[in-house]
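Asks: Can you read through this structure? Questions will come right after.
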Amino acid sequence: MTDFISLLENGDWLANSSGPRYLQLRRRIQQAIDDGVLRENEPLPSEREIASITDLSRVTVRKAVAGLVEDQVVVQKRGSGSFVAPKVHKVEQRLSSLTSFSEDMARRGLSASSEWLRRGLFPASPEEMFTLGLTSGQRVARVDRLRKADGTAMAIERASLSETVLPHPERVTTSLYAVLRAAGMQPVRAIQRISARNLEPIDADILGVPAGSAGLKIERVSYLASGNVVEFTRSVYRGDAYDFIAELQISED
């Protein structure tokens, strides 16, 4: 913190010819983070302190910090101030095979963990009835989890299955697919739809990122060898932490 304050006190970085002052301050803070002067999870000086050191208005300081928050370089904690955001290492997942999150992380040498958001049997919604081919009155097992890799929140996964497929959702402790495999209900293929979205406040709060951050919405419908639908999953992934990769074959035509 002392080194960063010294950087701010040196006013040579502020120049009338270098653009708006809030952008100059934003670049100065960004540079301090890139150079390791400000480290992960380290607090920034308060807006009042930065304004006092730099002779900038608090409005200018607030605008500079807001831009860093938008870029997810800085996070703000209510009642605590602004902090350097922890660095997130992106995870890549190929779209050529159907694997569970646990299996996919294990293949990359990462430790997968989950926090339960919801797990139990519930009346099926119209969308679940239609997708899973259920009739009125049938229940669904819902397995909703916050998925983490090496302790970093990566995705919110909300899986729905027919009660006949998963009558005891509480038995899912790690891998859903491992439970399905043991019951002879392992899906063999899936159709997955991926779209971009801005994270809603509830999902963003669970993932620990600002509301409106870039995310990926993924809907997957998985099928048994018989052709029957076995799983309907809606997931939200952090856009800054996940890349999906598809390998394409070039047509000879």
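Note on naming: chains are A, B, ... as they come in the structure tokens, residues start from 1 per chain, ligands start from 1 in the order shown.
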Can you pull out every residue from stretch 76-234 of chain A that DSSP, working from the backbone, puts in strand (DSSP E), and format the result as an MDAnalysis selection string?

Replies: chainID A and resid 76:77 81:84 91:94 112:123 139:149 152:162 189:198 214:223 229:234

Asks: Which polymer residues have any atom within 6 Å of an atom of A:Pro187, counting only C-alpha atoms, with same-chain residues fewer than 4 positions away left out, as a list in words?

Replies: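 Within the cut-off, the hits are Ser222, Tyr223 and Leu224 of chain A.
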
Asks: Fewer than 6 positions away in the same chain doesn't count, so skip those; otherwise give me all residues within 8 Å of A:Glu157, counting only C-alpha atoms, as a PDB file with C-alpha atoms, in the first residue's frame.

Replies:
```pdb
ATOM      1  CA  VAL A 143     -29.751 -30.778  -8.362  1.00  0.00           C
ATOM      2  CA  ASP A 144     -28.555 -27.166  -8.218  1.00  0.00           C
ATOM      3  CA  ARG A 145     -24.912 -26.481  -7.400  1.00  0.00           C
ATOM      4  CA  LEU A 146     -22.259 -23.811  -7.410  1.00  0.00           C
ATOM      5  CA  ARG A 147     -19.332 -25.455  -9.184  1.00  0.00           C
ATOM      6  CA  THR A 233     -29.504 -28.835 -17.315  1.00  0.00           C
ATOM      7  CA  ARG A 234     -29.368 -25.042 -17.337  1.00  0.00           C
ATOM      8  CA  SER A 235     -26.034 -23.580 -16.363  1.00  0.00           C
ATOM      9  CA  VAL A 236     -24.498 -20.141 -16.051  1.00  0.00           C
TER      10      VAL A 236
END
```

Asks: I need the alpha helix (DSSP H) residues of stretch 183-232 of chain A per DSSP on the backbone, written as a PyMOL selection string.

Replies: chain A and resi 201-207

Asks: Please produce a file of the residues just selected, as a CSV table (one decimal), in the first residue's frame, where the atoms kept are all heavy atoms.

Replies:
```csv
chain,number,residue,atom,x,y,z
A,201,PRO,N,-28.3,-10.2,-11.0
A,201,PRO,CA,-27.7,-9.9,-9.7
A,201,PRO,C,-27.7,-11.2,-8.8
A,201,PRO,O,-26.7,-11.4,-8.1
A,201,PRO,CB,-28.7,-8.9,-9.1
A,201,PRO,CG,-29.2,-8.1,-10.3
A,201,PRO,CD,-29.4,-9.2,-11.4
A,202,ILE,N,-28.7,-12.0,-8.8
A,202,ILE,CA,-28.7,-13.2,-7.9
A,202,ILE,C,-27.5,-14.1,-8.3
A,202,ILE,O,-26.7,-14.6,-7.5
A,202,ILE,CB,-30.0,-13.9,-8.0
A,202,ILE,CG1,-31.1,-13.1,-7.4
A,202,ILE,CG2,-29.9,-15.3,-7.3
A,202,ILE,CD1,-32.5,-13.7,-7.4
A,203,ASP,N,-27.4,-14.4,-9.6
A,203,ASP,CA,-26.3,-15.3,-10.1
A,203,ASP,C,-25.0,-14.7,-9.9
A,203,ASP,O,-24.0,-15.4,-9.5
A,203,ASP,CB,-26.6,-15.7,-11.6
A,203,ASP,CG,-27.7,-16.7,-11.8
A,203,ASP,OD1,-28.2,-17.3,-10.8
A,203,ASP,OD2,-28.2,-16.8,-12.9
A,204,ALA,N,-24.9,-13.4,-10.2
A,204,ALA,CA,-23.6,-12.7,-10.0
A,204,ALA,C,-23.1,-12.8,-8.6
A,204,ALA,O,-21.9,-13.0,-8.3
A,204,ALA,CB,-23.7,-11.3,-10.5
A,205,ASP,N,-24.1,-12.6,-7.6
A,205,ASP,CA,-23.7,-12.7,-6.2
A,205,ASP,C,-23.2,-14.0,-5.8
A,205,ASP,O,-22.2,-14.2,-5.1
A,205,ASP,CB,-24.9,-12.3,-5.4
A,205,ASP,CG,-24.6,-12.2,-3.9
A,205,ASP,OD1,-23.8,-11.4,-3.5
A,205,ASP,OD2,-25.2,-12.9,-3.1
A,206,ILE,N,-23.8,-15.1,-6.3
A,206,ILE,CA,-23.4,-16.4,-6.0
A,206,ILE,C,-22.0,-16.7,-6.6
A,206,ILE,O,-21.2,-17.3,-6.0
A,206,ILE,CB,-24.4,-17.5,-6.6
A,206,ILE,CG1,-25.8,-17.4,-5.9
A,206,ILE,CG2,-23.9,-18.9,-6.5
A,206,ILE,CD1,-26.9,-18.2,-6.5
A,207,LEU,N,-21.7,-16.2,-7.8
A,207,LEU,CA,-20.4,-16.4,-8.4
A,207,LEU,C,-19.4,-15.4,-7.9
A,207,LEU,O,-18.2,-15.6,-8.3
A,207,LEU,CB,-20.6,-16.3,-10.0
A,207,LEU,CG,-21.4,-17.4,-10.6
A,207,LEU,CD1,-21.7,-17.0,-12.1
A,207,LEU,CD2,-20.6,-18.7,-10.6
```

Asks: Need the shell around stretch 35-38 of chain A: protein/DNA/RNA residues with any atom at most 9 Å away, counting only C-alpha atoms. Skip same-chain ones fewer than 6 positions apart. Format as a ChimeraX atom specification?

Replies: /A:1,3-4,29,44,84

Asks: Please identify all polymer residues within 10 Å of A:Gly239, counting only C-alpha atoms, omitting same-chain residues fewer than 2 positions from it, and present them as a list in words.

Replies: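 Final neighbour list, sorted by chain and number: Lys90, Met154, Ala155, Ala196, Arg197, Asn198, Leu199, Ser213, Ala214, Gly215, Leu216, Lys217, Val236, Tyr237, Ala241, Tyr242 and Asp243 of chain A.
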
Asks: Produce a file of the selected residues containing all heavy atoms, as a tab-separated table (two decimals), in the first residue's frame.

Replies:
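As written to disk, part_21.tsv reads:
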```tsv
chain	number	residue	atom	x	y	z
A	90	LYS	N	-8.34	-19.06	-16.69
A	90	LYS	CA	-9.42	-19.62	-17.51
A	90	LYS	C	-9.29	-21.13	-17.66
A	90	LYS	O	-8.20	-21.68	-17.76
A	90	LYS	CB	-9.43	-18.97	-18.89
A	90	LYS	CG	-10.07	-17.60	-18.91
A	90	LYS	CD	-10.62	-17.28	-20.28
A	90	LYS	CE	-11.47	-16.01	-20.25
A	90	LYS	NZ	-12.16	-15.79	-21.52
A	154	MET	N	-16.90	-21.15	-10.60
A	154	MET	CA	-16.85	-21.19	-12.05
A	154	MET	C	-18.24	-21.12	-12.69
A	154	MET	O	-18.41	-20.47	-13.71
A	154	MET	CB	-16.17	-22.48	-12.51
A	154	MET	CG	-14.77	-22.70	-11.96
A	154	MET	SD	-13.58	-21.50	-12.57
A	154	MET	CE	-13.39	-22.06	-14.26
A	155	ALA	N	-19.20	-21.83	-12.10
A	155	ALA	CA	-20.50	-21.94	-12.77
A	155	ALA	C	-21.58	-22.30	-11.77
A	155	ALA	O	-21.32	-22.86	-10.70
A	155	ALA	CB	-20.44	-23.01	-13.86
A	196	ALA	N	-24.58	-15.95	-25.07
A	196	ALA	CA	-23.98	-14.94	-24.20
A	196	ALA	C	-25.08	-14.25	-23.40
A	196	ALA	O	-26.21	-14.10	-23.87
A	196	ALA	CB	-23.21	-13.93	-25.03
A	197	ARG	N	-24.72	-13.84	-22.19
A	197	ARG	CA	-25.67	-13.11	-21.38
A	197	ARG	C	-24.93	-12.29	-20.34
A	197	ARG	O	-23.76	-12.55	-20.04
A	197	ARG	CB	-26.65	-14.06	-20.67
A	197	ARG	CG	-25.98	-14.94	-19.63
A	197	ARG	CD	-26.98	-15.76	-18.86
A	197	ARG	NE	-27.91	-14.95	-18.11
A	197	ARG	CZ	-28.95	-15.45	-17.43
A	197	ARG	NH1	-29.18	-16.74	-17.43
A	197	ARG	NH2	-29.75	-14.65	-16.75
A	198	ASN	N	-25.60	-11.28	-19.82
A	198	ASN	CA	-25.09	-10.53	-18.68
A	198	ASN	C	-25.69	-11.15	-17.42
A	198	ASN	O	-26.89	-11.40	-17.36
A	198	ASN	CB	-25.45	-9.05	-18.77
A	198	ASN	CG	-24.77	-8.37	-19.95
A	198	ASN	OD1	-25.42	-8.00	-20.92
A	198	ASN	ND2	-23.47	-8.22	-19.87
A	199	LEU	N	-24.86	-11.40	-16.43
A	199	LEU	CA	-25.30	-12.11	-15.25
A	199	LEU	C	-26.29	-11.29	-14.44
A	199	LEU	O	-26.08	-10.11	-14.17
A	199	LEU	CB	-24.09	-12.45	-14.37
A	199	LEU	CG	-23.06	-13.40	-15.01
A	199	LEU	CD1	-21.90	-13.62	-14.05
A	199	LEU	CD2	-23.71	-14.74	-15.37
A	213	SER	N	-21.98	-8.69	-15.21
A	213	SER	CA	-20.75	-9.23	-15.80
A	213	SER	C	-21.08	-10.19	-16.94
A	213	SER	O	-22.15	-10.79	-16.98
A	213	SER	CB	-19.93	-9.96	-14.74
A	213	SER	OG	-19.50	-9.10	-13.72
A	214	ALA	N	-20.12	-10.33	-17.85
A	214	ALA	CA	-20.32	-11.24	-18.98
A	214	ALA	C	-20.39	-12.68	-18.49
A	214	ALA	O	-19.63	-13.10	-17.61
A	214	ALA	CB	-19.18	-11.09	-19.98
A	215	GLY	N	-21.32	-13.42	-19.05
A	215	GLY	CA	-21.47	-14.83	-18.70
A	215	GLY	C	-21.90	-15.64	-19.90
A	215	GLY	O	-22.17	-15.10	-20.98
A	216	LEU	N	-21.94	-16.94	-19.71
A	216	LEU	CA	-22.41	-17.86	-20.74
A	216	LEU	C	-23.58	-18.66	-20.19
A	216	LEU	O	-23.48	-19.26	-19.11
A	216	LEU	CB	-21.29	-18.82	-21.16
A	216	LEU	CG	-20.08	-18.21	-21.87
A	216	LEU	CD1	-18.97	-19.24	-21.99
A	216	LEU	CD2	-20.49	-17.69	-23.24
A	217	LYS	N	-24.68	-18.64	-20.91
A	217	LYS	CA	-25.84	-19.44	-20.54
A	217	LYS	C	-25.82	-20.72	-21.39
A	217	LYS	O	-25.70	-20.64	-22.62
A	217	LYS	CB	-27.13	-18.67	-20.80
A	217	LYS	CG	-28.39	-19.47	-20.49
A	217	LYS	CD	-29.64	-18.68	-20.85
A	217	LYS	CE	-30.90	-19.49	-20.60
A	217	LYS	NZ	-32.12	-18.74	-21.01
A	236	VAL	N	-25.02	-21.48	-15.82
A	236	VAL	CA	-24.50	-20.14	-16.05
A	236	VAL	C	-23.02	-20.17	-15.70
A	236	VAL	O	-22.65	-20.51	-14.57
A	236	VAL	CB	-25.22	-19.08	-15.20
A	236	VAL	CG1	-24.60	-17.71	-15.43
A	236	VAL	CG2	-26.70	-19.04	-15.52
A	237	TYR	N	-22.18	-19.85	-16.67
A	237	TYR	CA	-20.73	-19.85	-16.47
A	237	TYR	C	-20.19	-18.43	-16.47
A	237	TYR	O	-20.70	-17.55	-17.17
A	237	TYR	CB	-20.04	-20.62	-17.61
A	237	TYR	CG	-20.17	-22.12	-17.51
A	237	TYR	CD1	-21.33	-22.77	-17.90
A	237	TYR	CD2	-19.11	-22.90	-17.04
A	237	TYR	CE1	-21.46	-24.14	-17.81
A	237	TYR	CE2	-19.23	-24.28	-16.96
A	237	TYR	CZ	-20.40	-24.90	-17.35
A	237	TYR	OH	-20.52	-26.26	-17.26
A	241	ALA	N	-13.86	-16.77	-16.88
A	241	ALA	CA	-13.17	-17.93	-16.32
A	241	ALA	C	-13.31	-19.18	-17.16
A	241	ALA	O	-12.68	-20.20	-16.85
A	241	ALA	CB	-13.68	-18.21	-14.90
A	242	TYR	N	-14.10	-19.13	-18.22
A	242	TYR	CA	-14.38	-20.36	-18.96
A	242	TYR	C	-14.34	-20.10	-20.46
A	242	TYR	O	-14.91	-19.12	-20.95
A	242	TYR	CB	-15.76	-20.90	-18.59
A	242	TYR	CG	-15.75	-22.37	-18.25
A	242	TYR	CD1	-15.55	-22.82	-16.95
A	242	TYR	CD2	-15.95	-23.33	-19.23
A	242	TYR	CE1	-15.56	-24.16	-16.64
A	242	TYR	CE2	-15.96	-24.67	-18.94
A	242	TYR	CZ	-15.77	-25.09	-17.63
A	242	TYR	OH	-15.76	-26.42	-17.33
A	243	ASP	N	-13.68	-20.98	-21.19
A	243	ASP	CA	-13.69	-20.97	-22.65
A	243	ASP	C	-14.18	-22.33	-23.14
A	243	ASP	O	-13.75	-23.37	-22.63
A	243	ASP	CB	-12.28	-20.74	-23.21
A	243	ASP	CG	-11.87	-19.28	-23.17
A	243	ASP	OD1	-12.77	-18.42	-23.16
A	243	ASP	OD2	-10.66	-19.01	-23.13
```
